[in-house]
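Structure first, then comments.
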Amino acid sequence: MVERILDVYEVIGSSPVPPIKIYENMAKKTEKIIEPFLKKDLPDIRPGDTIKVYQKIPGEKERIQVFEGVVLAKKHGKGISSTLTVRKIVGEIGVEKIFPLHSPNIEKIEIVQRGKVRRAKLYYLKERVGKKAKLKRKEDK
């Protein structure tokens, strides 16, 4: 099989392109396609921050709904697929929402306060209720 491939390249008169080169070109092309859809005005959001997410709700009359809660996790890096997991307590019931950061339905994100945490994912807050679920505030330097 390898001999046959080499025969084809001898006839055509060109050498095979290494596969690494092809992947580099594809990565550059996908970056160019995705770039216009990335948001540039996002604040520096970290786990433990209390944020307000202004989300567009489609319908006959488009309106904006605010979801205020603590950021439990930030996933998938800085690309188009990056997400935030935000949790709030509504009448003793925990409500979590996962927001795609670069979604056109997200109007804006506001940081209310910073939380002092030592972990990247705050899933332990799911089991906590009341005062135990509160995070310490981070003093600004």
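Starting from 1 in every chain, residues are counted up; chains themselves are A, B, ... following the order of the structure tokens, and ligands are numbered from 1 as listed.
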Excluding same-chain residues fewer than 5 positions from A:Gly69, what lies within 6 Å of it counting only C-alpha atoms, as a tab-separated table (two decimals) with C-alpha atoms, in the first residue's frame?
chain	number	residue	atom	x	y	z
A	50	THR	CA	-21.42	37.05	42.77
A	51	ILE	CA	-22.59	38.22	39.36
A	86	VAL	CA	-24.18	30.23	38.29
A	87	ARG	CA	-26.18	29.24	41.39
A	88	LYS	CA	-28.70	31.13	43.49
Exercise. List every residue of chain A that DSSP, applied to the backbone of this structure, assigns to helix (DSSP H, G or I), and report them as a PyMOL selection string.
Key: chain A and resi 2-12+19-37+123-127+130-133
Quiz item: as a VMD selection string, which residues of stretch 72-141 of chain A does DSSP assign to strand (DSSP E)?
Solution: chain A and resid 72 to 75 83 to 90 93 to 100 106 to 113 115 to 116 136 to 137
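Each of A:Asp41, A:Pro58, A:Gly48, A:Glu24 was checked against A:Asn105 using only C-alpha atoms; the smallest atom-to-atom distance is that of A:Pro58.
Between atom CA of A:Gly94 and atom CA of A:Arg128 lies a distance of 9.8 Å.
Separating atom CA of A:Val90 from atom CA of A:Ser103 is a distance of 24.9 Å.
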Practice problem: Write out as a list in words the residues lying within 12 Å of A:Glu96, counting only C-alpha atoms and excluding same-chain residues fewer than 5 positions away. | Solution: Phe67, Glu68, Gly69, Val70, Val71, Leu72, Ala73, Leu84, Thr85, Val86, Arg87, Lys88, Ile89, Val90, Tyr123, Leu125 and Lys126 of chain A
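Minimum atom-to-atom distance to A:Glu107, evaluated using only C-alpha atoms, belongs to A:Tyr54 out of A:Tyr23, A:Tyr54, A:Tyr124, A:Phe37.
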Self-check item: Atom pair atom CA of A:Lys97 / atom CA of A:Gln65: separation (Å)
Solution: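 If I compute the distance from atom CA of A:Lys97 to atom CA of A:Gln65, I get 12.9 Å.
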Quiz item: When distances are computed from only C-alpha atoms, which of A:Ile111, A:Val129, A:Leu101, A:Leu135 shows the smallest separation from A:Gln55?
Solution: A:Leu101
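Between A:Gly130 and the residues A:Gly91, A:Gly115, A:Pro100, A:Pro36, the shortest atom-to-atom distance, using only C-alpha atoms, involves A:Gly91.
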